[in-house]
Amino acid sequence: MPAPIITGLDIGSFTIKAVTLANKTKTPQLVSYGMVKTPQPGLVSDIDIDLEAVAVAAKNLLNSLKAPLQSIVVSLPESKIFSRVISDLPYLSDEELGSAIKYSAEEFIPLPIAQIELYWQVISRSKEHNQTIVLVIAVPKKLQNKYLKVLEMADIKPIAIETEMIAAARILVNNNINTTTLILQLGASVTDMSIISGGIIVLTRSIPTAGLSLTRSVAQHLNFSPLQAEEYKKVYGLLSTQMEGKIFQALKPVMDIISTEAERTIQSYQVKNPTSPVKRLVLIGGGAKMPGLLNYFVSRFGLEIQEADPFSALEKDASIVSKTTTDPAFCIAAGLAGRLD
């Protein structure tokens with residue numbers, strides 16, 4: 001039987017990424033991958049013509065990769081959903097969990113229950129300790145319906161929709177399942193953070209300080225246009241020896257906010273889980289390749305710091321190897337494509 005061909009589709013604020021894998025028994029094979037710009041205003045809009053523009057861009061990308069439109073897994077933005085690990089439930093059967101989760105979810109979801117779709121995964125369940133631990137994901141119906149509408153416009157029939165961090169964890173953590181890891185996604189408008197322990201997401205949070213905040217800081221400090229500030233950020237980043245350190249000094253206050261929030265996320269987890277401390281921080285997202293970023297985090301954290309390579313564990317054909325990059329922007333799409341169930 002041929003290996004199932006699955007494509008992960010990650011529709012971001014500014015770029016659309018896709019990765020196609022042949023999911024063989026041992027090592028998945030990279031078939032193709034690509035990226036295009038997201039037509040603006042993208043999925044922020046509720047207007048059909050804007051949504052159709054995104055659909056056309058996504059479909060053209062998938063067609064260019066020769067990706068079957070009937071075997072697509074799509075991500076939902078982490079910052080737009082609500083995730084929580086609920087650990088104070090008694091031992092419950094599957095039948096009992098539904099009502100208990102619905103009641104517990106009302107405490108952390110700032111929307112009426114009628115406006116969301118609830119999904120959950122049992123992390124552990126023990127009669128002996130009278131405890132059930134569950135990862136609960138609440139997706140606003142409006143958001144889910146918008147994504148489904150765009151996919152329908154693109155003639156895409158998704159086999160699954162899942163969160164960005166679940167996808168990222170699949171591609172990044174499986175070979176290091178015993179290493180508690182903080183995944184930090186530096187996107188355009190949002191920085192997402194998730195702690196993975198035992199291969200399971202145990203804590204997530206998002207902050208509205210990210211790539212655009214960094215660009216604005218450079219523009220304000222040096223009186224640059226936004227386009228000029230973006231280019232200088234990409235070229236010089238956090239390299240204190242370049243441009244007399246001016247770009248570094250403009251970026252550092254914003255990066256300090258992001259790293260402080262990452263430290264708080266780690267502390268929040270470790271207060272409840274002192275026996276499994278976070279030992280690794282993995283950087284993903286379009287902003288992860290900013291010059292000097294890796295060294296900046298090394299200087300801030302006493303952890304193993306890695307820039308993610310979404311293709312490192314994949315089998316690659318010779319014709320693809322030559323043009324393969326280690327671009328961490330493809331982590332979510334690659335993780336989506338690795339889904340088999």
# chains A, B, ... in the order shown; residues from 1 in each chain; ligands from 1
call {"tool": "residues_around", "arguments": {"residues": "region 160-163 of chain A", "least_positions_apart": "2", "cutoff": "9 Å", "atoms": "only C-alpha atoms", "output": "ChimeraX atom specification"}}
result
/A:71-78,81,137,157-158,165-168,336,339,341
call {"tool": "write_last_selection", "arguments": {"atoms": "N, CA and C atoms", "output": "PDB file, in the first residue's frame"}}
result
ATOM      1  N   SER A  71      -6.733  15.771   0.720  1.00  0.00           N
ATOM      2  CA  SER A  71      -5.930  15.232   1.832  1.00  0.00           C
ATOM      3  C   SER A  71      -5.149  16.366   2.501  1.00  0.00           C
ATOM      4  N   ILE A  72      -5.893  17.364   2.954  1.00  0.00           N
ATOM      5  CA  ILE A  72      -5.309  18.565   3.547  1.00  0.00           C
ATOM      6  C   ILE A  72      -5.652  18.628   5.028  1.00  0.00           C
ATOM      7  N   VAL A  73      -4.651  18.966   5.843  1.00  0.00           N
ATOM      8  CA  VAL A  73      -4.872  19.263   7.262  1.00  0.00           C
ATOM      9  C   VAL A  73      -4.570  20.740   7.459  1.00  0.00           C
ATOM     10  N   VAL A  74      -5.473  21.449   8.109  1.00  0.00           N
ATOM     11  CA  VAL A  74      -5.393  22.913   8.221  1.00  0.00           C
ATOM     12  C   VAL A  74      -5.260  23.311   9.684  1.00  0.00           C
ATOM     13  N   SER A  75      -4.518  24.386   9.942  1.00  0.00           N
ATOM     14  CA  SER A  75      -4.335  24.864  11.317  1.00  0.00           C
ATOM     15  C   SER A  75      -5.254  26.030  11.624  1.00  0.00           C
ATOM     16  N   LEU A  76      -5.598  26.144  12.901  1.00  0.00           N
ATOM     17  CA  LEU A  76      -6.290  27.316  13.431  1.00  0.00           C
ATOM     18  C   LEU A  76      -5.302  28.129  14.254  1.00  0.00           C
ATOM     19  N   PRO A  77      -5.379  29.462  14.202  1.00  0.00           N
ATOM     20  CA  PRO A  77      -4.409  30.297  14.928  1.00  0.00           C
ATOM     21  C   PRO A  77      -4.542  30.148  16.434  1.00  0.00           C
ATOM     22  N   GLU A  78      -3.411  29.901  17.085  1.00  0.00           N
ATOM     23  CA  GLU A  78      -3.402  29.657  18.527  1.00  0.00           C
ATOM     24  C   GLU A  78      -3.975  30.838  19.308  1.00  0.00           C
ATOM     25  N   ILE A  81      -7.969  30.916  19.720  1.00  0.00           N
ATOM     26  CA  ILE A  81      -8.703  29.852  20.396  1.00  0.00           C
ATOM     27  C   ILE A  81      -8.355  29.877  21.883  1.00  0.00           C
ATOM     28  N   ILE A 137      -9.860  22.352  24.321  1.00  0.00           N
ATOM     29  CA  ILE A 137      -9.678  23.387  23.300  1.00  0.00           C
ATOM     30  C   ILE A 137     -11.049  23.920  22.916  1.00  0.00           C
ATOM     31  N   LYS A 157     -11.207  19.952   0.748  1.00  0.00           N
ATOM     32  CA  LYS A 157     -11.972  19.147   1.694  1.00  0.00           C
ATOM     33  C   LYS A 157     -11.004  18.653   2.768  1.00  0.00           C
ATOM     34  N   PRO A 158     -10.901  19.381   3.887  1.00  0.00           N
ATOM     35  CA  PRO A 158      -9.896  19.016   4.891  1.00  0.00           C
ATOM     36  C   PRO A 158     -10.237  17.692   5.573  1.00  0.00           C
ATOM     37  N   MET A 165      -0.129  24.792  17.713  1.00  0.00           N
ATOM     38  CA  MET A 165       0.855  24.218  18.618  1.00  0.00           C
ATOM     39  C   MET A 165       0.786  22.696  18.686  1.00  0.00           C
ATOM     40  N   ILE A 166      -0.387  22.129  18.492  1.00  0.00           N
ATOM     41  CA  ILE A 166      -0.476  20.666  18.406  1.00  0.00           C
ATOM     42  C   ILE A 166       0.325  20.190  17.202  1.00  0.00           C
ATOM     43  N   ALA A 167       0.206  20.903  16.087  1.00  0.00           N
ATOM     44  CA  ALA A 167       0.957  20.548  14.886  1.00  0.00           C
ATOM     45  C   ALA A 167       2.461  20.719  15.105  1.00  0.00           C
ATOM     46  N   ALA A 168       2.863  21.846  15.679  1.00  0.00           N
ATOM     47  CA  ALA A 168       4.283  22.107  15.909  1.00  0.00           C
ATOM     48  C   ALA A 168       4.885  21.059  16.833  1.00  0.00           C
ATOM     49  N   LEU A 336       1.384  19.606  10.618  1.00  0.00           N
ATOM     50  CA  LEU A 336       0.047  19.264  10.130  1.00  0.00           C
ATOM     51  C   LEU A 336       0.117  18.090   9.165  1.00  0.00           C
ATOM     52  N   ARG A 339       0.234  14.417  10.456  1.00  0.00           N
ATOM     53  CA  ARG A 339      -0.910  13.811  11.144  1.00  0.00           C
ATOM     54  C   ARG A 339      -1.404  12.605  10.353  1.00  0.00           C
ATOM     55  N   ASP A 341      -3.894  10.269  11.991  1.00  0.00           N
ATOM     56  CA  ASP A 341      -5.171   9.738  12.456  1.00  0.00           C
ATOM     57  C   ASP A 341      -6.334  10.662  12.095  1.00  0.00           C
TER      58      ASP A 341
END
call {"tool": "residues_around", "arguments": {"residues": "Gly335 (chain A)", "least_positions_apart": "2", "cutoff": "9 Å", "atoms": "only C-alpha atoms", "output": "JSON list (two decimals) with N, CA and C atoms, in the first residue's frame"}}
result
[["chain", "number", "residue", "atom", "x", "y", "z"],
["A", 8, "GLY", "N", -0.01, 19.74, 4.83],
["A", 8, "GLY", "CA", -0.35, 20.67, 5.90],
["A", 8, "GLY", "C", -0.46, 22.07, 5.33],
["A", 19, "VAL", "N", 3.17, 22.18, 3.26],
["A", 19, "VAL", "CA", 4.17, 21.11, 3.22],
["A", 19, "VAL", "C", 3.45, 19.81, 2.92],
["A", 164, "GLU", "N", -2.30, 25.27, 15.95],
["A", 164, "GLU", "CA", -0.92, 25.42, 15.50],
["A", 164, "GLU", "C", 0.06, 24.69, 16.40],
["A", 165, "MET", "N", -0.13, 24.79, 17.71],
["A", 165, "MET", "CA", 0.85, 24.22, 18.62],
["A", 165, "MET", "C", 0.79, 22.70, 18.69],
["A", 166, "ILE", "N", -0.39, 22.13, 18.49],
["A", 166, "ILE", "CA", -0.48, 20.67, 18.41],
["A", 166, "ILE", "C", 0.32, 20.19, 17.20],
["A", 167, "ALA", "N", 0.21, 20.90, 16.09],
["A", 167, "ALA", "CA", 0.96, 20.55, 14.89],
["A", 167, "ALA", "C", 2.46, 20.72, 15.10],
["A", 168, "ALA", "N", 2.86, 21.85, 15.68],
["A", 168, "ALA", "CA", 4.28, 22.11, 15.91],
["A", 168, "ALA", "C", 4.89, 21.06, 16.83],
["A", 169, "ALA", "N", 4.14, 20.70, 17.89],
["A", 169, "ALA", "CA", 4.65, 19.70, 18.83],
["A", 169, "ALA", "C", 4.89, 18.36, 18.14],
["A", 170, "ARG", "N", 4.04, 18.03, 17.19],
["A", 170, "ARG", "CA", 4.17, 16.74, 16.50],
["A", 170, "ARG", "C", 5.51, 16.64, 15.77],
["A", 171, "ILE", "N", 5.91, 17.71, 15.12],
["A", 171, "ILE", "CA", 7.13, 17.66, 14.30],
["A", 171, "ILE", "C", 8.39, 17.92, 15.13],
["A", 172, "LEU", "N", 8.24, 18.62, 16.28],
["A", 172, "LEU", "CA", 9.42, 19.06, 17.03],
["A", 172, "LEU", "C", 9.74, 18.23, 18.25],
["A", 310, "PRO", "N", 12.22, 22.24, 10.64],
["A", 310, "PRO", "CA", 11.06, 21.38, 10.42],
["A", 310, "PRO", "C", 11.33, 20.18, 9.54],
["A", 330, "PHE", "N", 8.09, 26.92, 8.51],
["A", 330, "PHE", "CA", 7.36, 25.77, 7.98],
["A", 330, "PHE", "C", 7.03, 24.72, 9.05],
["A", 331, "CYS", "N", 7.32, 24.99, 10.31],
["A", 331, "CYS", "CA", 7.11, 23.99, 11.36],
["A", 331, "CYS", "C", 5.66, 23.56, 11.48],
["A", 332, "ILE", "N", 4.75, 24.53, 11.47],
["A", 332, "ILE", "CA", 3.33, 24.20, 11.65],
["A", 332, "ILE", "C", 2.82, 23.39, 10.46],
["A", 333, "ALA", "N", 3.13, 23.83, 9.25],
["A", 333, "ALA", "CA", 2.68, 23.11, 8.06],
["A", 333, "ALA", "C", 3.24, 21.68, 8.04],
["A", 337, "ALA", "N", 1.11, 18.12, 8.28],
["A", 337, "ALA", "CA", 1.24, 17.07, 7.28],
["A", 337, "ALA", "C", 1.62, 15.73, 7.89],
["A", 338, "GLY", "N", 2.16, 15.76, 9.10],
["A", 338, "GLY", "CA", 2.56, 14.53, 9.78],
["A", 338, "GLY", "C", 1.43, 13.85, 10.52],
["A", 339, "ARG", "N", 0.23, 14.42, 10.46],
["A", 339, "ARG", "CA", -0.91, 13.81, 11.14],
["A", 339, "ARG", "C", -1.40, 12.61, 10.35]]
call {"tool": "closest_residue", "arguments": {"among": "A:Val254, A:Ile116, A:Met35, A:Ala188", "to": "Asn145 (chain A)", "atoms": "only C-alpha atoms"}}
result
A:Ile116
call {"tool": "select_by_dssp", "arguments": {"residues": "region 152-333 of chain A", "states": "alpha helix (DSSP H)", "output": "JSON, numbers by chain"}}
result
{"A": [152, 153, 164, 165, 166, 167, 168, 169, 170, 171, 172, 173, 211, 212, 213, 214, 215, 216, 217, 218, 219, 220, 221, 222, 226, 227, 228, 229, 230, 231, 232, 233, 234, 235, 236, 246, 247, 248, 249, 250, 251, 252, 253, 254, 255, 256, 257, 258, 259, 260, 261, 262, 263, 264, 265, 266, 267, 268, 269, 270, 271, 272, 293, 294, 295, 296, 297, 298, 299, 300, 318, 319, 320, 321, 331, 332, 333]}
call {"tool": "atom_distance", "arguments": {"atom1": "CA of Ile200 (chain A)", "atom2": "CA of Glu106 (chain A)"}}
result
22.8 Å
call {"tool": "residues_around", "arguments": {"residues": "Lys146 (chain A)", "least_positions_apart": "2", "cutoff": "12 Å", "atoms": "only C-alpha atoms", "output": "PyMOL selection string"}}
result
chain A and resi 42-48+50-52+54-55+76+139-144+148-153
call {"tool": "write_last_selection", "arguments": {"atoms": "C-alpha atoms", "output": "compact mmCIF listing (two decimals), in the first residue's frame"}}
result
# COMPACT_ATOMS: atom_id res chain seq x y z
CA GLY A 42 -6.64 38.24 4.87
CA LEU A 43 -8.76 36.38 7.39
CA VAL A 44 -9.13 39.49 9.53
CA SER A 45 -11.87 40.47 7.09
CA ASP A 46 -15.42 39.12 7.04
CA ILE A 47 -16.05 40.25 3.45
CA ASP A 48 -16.45 37.47 0.90
CA ASP A 50 -11.32 39.21 0.78
CA LEU A 51 -11.89 35.63 1.90
CA GLU A 52 -12.05 34.50 -1.72
CA VAL A 54 -7.16 34.05 0.41
CA ALA A 55 -8.86 30.93 -0.96
CA LEU A 76 -6.29 27.32 13.43
CA VAL A 139 -12.85 27.21 19.16
CA PRO A 140 -15.16 30.16 18.46
CA LYS A 141 -17.79 29.00 15.98
CA LYS A 142 -17.38 32.22 14.00
CA LEU A 143 -13.67 31.53 13.51
CA GLN A 144 -14.19 27.88 12.59
CA LEU A 148 -14.43 26.29 6.58
CA LYS A 149 -15.86 28.91 4.20
CA VAL A 150 -12.41 29.76 2.82
CA LEU A 151 -11.61 26.08 2.37
CA GLU A 152 -14.89 25.52 0.53
CA MET A 153 -14.10 28.48 -1.73
call {"tool": "atom_distance", "arguments": {"atom1": "CA of Leu65 (chain A)", "atom2": "CA of Met290 (chain A)"}}
result
27.2 Å
call {"tool": "residues_around", "arguments": {"residues": "Pro208 (chain A)", "least_positions_apart": "4", "cutoff": "7 Å", "atoms": "only C-alpha atoms", "output": "PDB file with C-alpha atoms, in the first residue's frame"}}
result
ATOM      1  CA  SER A 189       1.181  40.047  15.181  1.00  0.00           C
ATOM      2  CA  VAL A 190       1.254  37.476  17.993  1.00  0.00           C
ATOM      3  CA  THR A 191       3.840  35.489  19.928  1.00  0.00           C
TER       4      THR A 191
END
call {"tool": "select_by_dssp", "arguments": {"residues": "region 7-233 of chain A", "states": "strand (DSSP E or B)", "output": "ChimeraX atom specification"}}
result
/A:7-11,15-22,29-37,72-76,82-89,116-126,131-140,158-163,181-186,191-197,200-207
call {"tool": "closest_residue", "arguments": {"among": "A:Ser206, A:Thr215, A:Ser93, A:Thr179", "to": "Val122 (chain A)", "atoms": "only C-alpha atoms"}}
result
A:Ser93
call {"tool": "residues_around", "arguments": {"residues": "Lys26 (chain A)", "least_positions_apart": "2", "cutoff": "10 Å", "atoms": "only C-alpha atoms", "output": "list in words"}}
result
Asn23, Lys24, Pro28, Gln29, Leu314 and Glu315 of chain A
call {"tool": "atom_distance", "arguments": {"atom1": "CA of Glu107 (chain A)", "atom2": "CA of Ile123 (chain A)"}}
result
19.9 Å
call {"tool": "closest_residue", "arguments": {"among": "A:Leu118, A:Ile159, A:Ala313, A:Leu92", "to": "Leu340 (chain A)", "atoms": "only C-alpha atoms"}}
result
A:Ile159
call {"tool": "closest_residue", "arguments": {"among": "A:Leu238, A:Leu61, A:Ala308, A:Ile201", "to": "Trp120 (chain A)", "atoms": "only C-alpha atoms"}}
result
A:Ile201
call {"tool": "residues_around", "arguments": {"residues": "region 300-303 of chain A", "least_positions_apart": "4", "cutoff": "7 Å", "atoms": "only C-alpha atoms", "output": "PyMOL selection string"}}
result
chain A and resi 279-281+296
call {"tool": "residues_around", "arguments": {"residues": "Ala53 (chain A)", "least_positions_apart": "3", "cutoff": "9 Å", "atoms": "only C-alpha atoms", "output": "list in words"}}
result
Thr38, Pro39, Gln40, Gly42, Asp48, Ile49, Asp50, Val56, Ala57 and Ala58 of chain A
call {"tool": "closest_residue", "arguments": {"among": "A:Leu69, A:Leu30, A:Ala22, A:Leu251", "to": "Ser312 (chain A)", "atoms": "only C-alpha atoms"}}
result
A:Leu30
call {"tool": "decode", "arguments": {"residues": "region 82-181 of chain A", "atoms": "C-alpha atoms", "output": "PDB file, in the first residue's frame"}}
result
ATOM      1  CA  PHE A  82      -8.775  28.988  24.085  1.00  0.00           C
ATOM      2  CA  SER A  83      -6.771  26.081  25.478  1.00  0.00           C
ATOM      3  CA  ARG A  84      -6.513  24.864  29.036  1.00  0.00           C
ATOM      4  CA  VAL A  85      -5.329  21.752  30.833  1.00  0.00           C
ATOM      5  CA  ILE A  86      -7.983  20.914  33.450  1.00  0.00           C
ATOM      6  CA  SER A  87      -6.456  18.802  36.205  1.00  0.00           C
ATOM      7  CA  ASP A  88      -8.964  19.077  39.064  1.00  0.00           C
ATOM      8  CA  LEU A  89     -11.595  16.696  37.712  1.00  0.00           C
ATOM      9  CA  PRO A  90     -12.391  13.445  39.562  1.00  0.00           C
ATOM     10  CA  TYR A  91     -12.190  10.101  37.807  1.00  0.00           C
ATOM     11  CA  LEU A  92     -14.855  10.293  35.078  1.00  0.00           C
ATOM     12  CA  SER A  93     -16.034   8.055  32.284  1.00  0.00           C
ATOM     13  CA  ASP A  94     -16.149   9.336  28.706  1.00  0.00           C
ATOM     14  CA  GLU A  95     -19.896   9.823  29.060  1.00  0.00           C
ATOM     15  CA  GLU A  96     -19.485  11.919  32.200  1.00  0.00           C
ATOM     16  CA  LEU A  97     -16.655  14.059  30.832  1.00  0.00           C
ATOM     17  CA  GLY A  98     -18.779  16.064  28.409  1.00  0.00           C
ATOM     18  CA  SER A  99     -20.903  17.865  30.978  1.00  0.00           C
ATOM     19  CA  ALA A 100     -17.981  18.267  33.416  1.00  0.00           C
ATOM     20  CA  ILE A 101     -15.770  19.857  30.761  1.00  0.00           C
ATOM     21  CA  LYS A 102     -18.548  22.171  29.631  1.00  0.00           C
ATOM     22  CA  TYR A 103     -18.970  23.403  33.205  1.00  0.00           C
ATOM     23  CA  SER A 104     -15.198  23.843  33.739  1.00  0.00           C
ATOM     24  CA  ALA A 105     -14.733  25.593  30.409  1.00  0.00           C
ATOM     25  CA  GLU A 106     -17.074  28.395  31.403  1.00  0.00           C
ATOM     26  CA  GLU A 107     -14.422  29.546  33.883  1.00  0.00           C
ATOM     27  CA  PHE A 108     -11.726  30.310  31.288  1.00  0.00           C
ATOM     28  CA  ILE A 109     -13.625  31.095  28.080  1.00  0.00           C
ATOM     29  CA  PRO A 110     -14.699  34.753  27.688  1.00  0.00           C
ATOM     30  CA  LEU A 111     -17.525  33.789  25.338  1.00  0.00           C
ATOM     31  CA  PRO A 112     -20.929  32.161  25.879  1.00  0.00           C
ATOM     32  CA  ILE A 113     -20.717  28.387  25.547  1.00  0.00           C
ATOM     33  CA  ALA A 114     -23.264  28.574  22.724  1.00  0.00           C
ATOM     34  CA  GLN A 115     -20.704  30.488  20.615  1.00  0.00           C
ATOM     35  CA  ILE A 116     -17.917  27.905  20.809  1.00  0.00           C
ATOM     36  CA  GLU A 117     -17.113  24.358  19.807  1.00  0.00           C
ATOM     37  CA  LEU A 118     -15.469  22.307  22.545  1.00  0.00           C
ATOM     38  CA  TYR A 119     -12.859  19.631  21.846  1.00  0.00           C
ATOM     39  CA  TRP A 120     -10.844  17.674  24.388  1.00  0.00           C
ATOM     40  CA  GLN A 121      -8.203  15.013  24.797  1.00  0.00           C
ATOM     41  CA  VAL A 122      -7.741  12.925  27.943  1.00  0.00           C
ATOM     42  CA  ILE A 123      -4.134  13.244  29.131  1.00  0.00           C
ATOM     43  CA  SER A 124      -4.467  10.808  32.036  1.00  0.00           C
ATOM     44  CA  ARG A 125      -7.179   9.126  34.070  1.00  0.00           C
ATOM     45  CA  SER A 126      -6.675   7.327  37.387  1.00  0.00           C
ATOM     46  CA  LYS A 127      -9.211   5.531  39.573  1.00  0.00           C
ATOM     47  CA  GLU A 128      -6.570   5.153  42.264  1.00  0.00           C
ATOM     48  CA  HIS A 129      -6.024   8.927  42.538  1.00  0.00           C
ATOM     49  CA  ASN A 130      -9.619   9.818  41.577  1.00  0.00           C
ATOM     50  CA  GLN A 131      -8.348  12.186  38.920  1.00  0.00           C
ATOM     51  CA  THR A 132      -8.894  12.956  35.242  1.00  0.00           C
ATOM     52  CA  ILE A 133      -6.589  15.375  33.419  1.00  0.00           C
ATOM     53  CA  VAL A 134      -7.873  16.766  30.130  1.00  0.00           C
ATOM     54  CA  LEU A 135      -6.605  19.171  27.477  1.00  0.00           C
ATOM     55  CA  VAL A 136      -9.612  21.303  26.469  1.00  0.00           C
ATOM     56  CA  ILE A 137      -9.678  23.387  23.300  1.00  0.00           C
ATOM     57  CA  ALA A 138     -12.475  25.875  22.706  1.00  0.00           C
ATOM     58  CA  VAL A 139     -12.853  27.205  19.160  1.00  0.00           C
ATOM     59  CA  PRO A 140     -15.161  30.160  18.464  1.00  0.00           C
ATOM     60  CA  LYS A 141     -17.788  28.999  15.980  1.00  0.00           C
ATOM     61  CA  LYS A 142     -17.384  32.225  14.005  1.00  0.00           C
ATOM     62  CA  LEU A 143     -13.670  31.529  13.507  1.00  0.00           C
ATOM     63  CA  GLN A 144     -14.195  27.880  12.593  1.00  0.00           C
ATOM     64  CA  ASN A 145     -16.960  28.731  10.128  1.00  0.00           C
ATOM     65  CA  LYS A 146     -14.781  31.383   8.463  1.00  0.00           C
ATOM     66  CA  TYR A 147     -11.979  28.871   7.903  1.00  0.00           C
ATOM     67  CA  LEU A 148     -14.431  26.287   6.577  1.00  0.00           C
ATOM     68  CA  LYS A 149     -15.856  28.906   4.205  1.00  0.00           C
ATOM     69  CA  VAL A 150     -12.412  29.760   2.821  1.00  0.00           C
ATOM     70  CA  LEU A 151     -11.614  26.079   2.366  1.00  0.00           C
ATOM     71  CA  GLU A 152     -14.890  25.525   0.534  1.00  0.00           C
ATOM     72  CA  MET A 153     -14.104  28.485  -1.728  1.00  0.00           C
ATOM     73  CA  ALA A 154     -10.767  26.820  -2.505  1.00  0.00           C
ATOM     74  CA  ASP A 155     -12.403  23.416  -3.221  1.00  0.00           C
ATOM     75  CA  ILE A 156     -10.440  21.993  -0.291  1.00  0.00           C
ATOM     76  CA  LYS A 157     -11.972  19.147   1.694  1.00  0.00           C
ATOM     77  CA  PRO A 158      -9.896  19.016   4.891  1.00  0.00           C
ATOM     78  CA  ILE A 159      -9.415  15.686   6.612  1.00  0.00           C
ATOM     79  CA  ALA A 160      -8.721  17.511   9.887  1.00  0.00           C
ATOM     80  CA  ILE A 161      -8.374  20.948  11.477  1.00  0.00           C
ATOM     81  CA  GLU A 162      -6.141  21.396  14.505  1.00  0.00           C
ATOM     82  CA  THR A 163      -4.308  24.050  16.489  1.00  0.00           C
ATOM     83  CA  GLU A 164      -0.923  25.420  15.502  1.00  0.00           C
ATOM     84  CA  MET A 165       0.855  24.218  18.618  1.00  0.00           C
ATOM     85  CA  ILE A 166      -0.476  20.666  18.406  1.00  0.00           C
ATOM     86  CA  ALA A 167       0.957  20.548  14.886  1.00  0.00           C
ATOM     87  CA  ALA A 168       4.283  22.107  15.909  1.00  0.00           C
ATOM     88  CA  ALA A 169       4.650  19.702  18.834  1.00  0.00           C
ATOM     89  CA  ARG A 170       4.174  16.736  16.499  1.00  0.00           C
ATOM     90  CA  ILE A 171       7.127  17.659  14.305  1.00  0.00           C
ATOM     91  CA  LEU A 172       9.421  19.057  17.027  1.00  0.00           C
ATOM     92  CA  VAL A 173       8.946  16.983  20.155  1.00  0.00           C
ATOM     93  CA  ASN A 174       8.379  13.385  19.099  1.00  0.00           C
ATOM     94  CA  ASN A 175      12.098  12.560  19.136  1.00  0.00           C
ATOM     95  CA  ASN A 176      12.560  14.363  22.488  1.00  0.00           C
ATOM     96  CA  ILE A 177       9.403  13.278  24.249  1.00  0.00           C
ATOM     97  CA  ASN A 178      11.087  13.136  27.667  1.00  0.00           C
ATOM     98  CA  THR A 179      12.454  16.691  27.447  1.00  0.00           C
ATOM     99  CA  THR A 180       9.979  19.286  28.709  1.00  0.00           C
ATOM    100  CA  THR A 181      10.028  22.003  26.062  1.00  0.00           C
TER     101      THR A 181
END
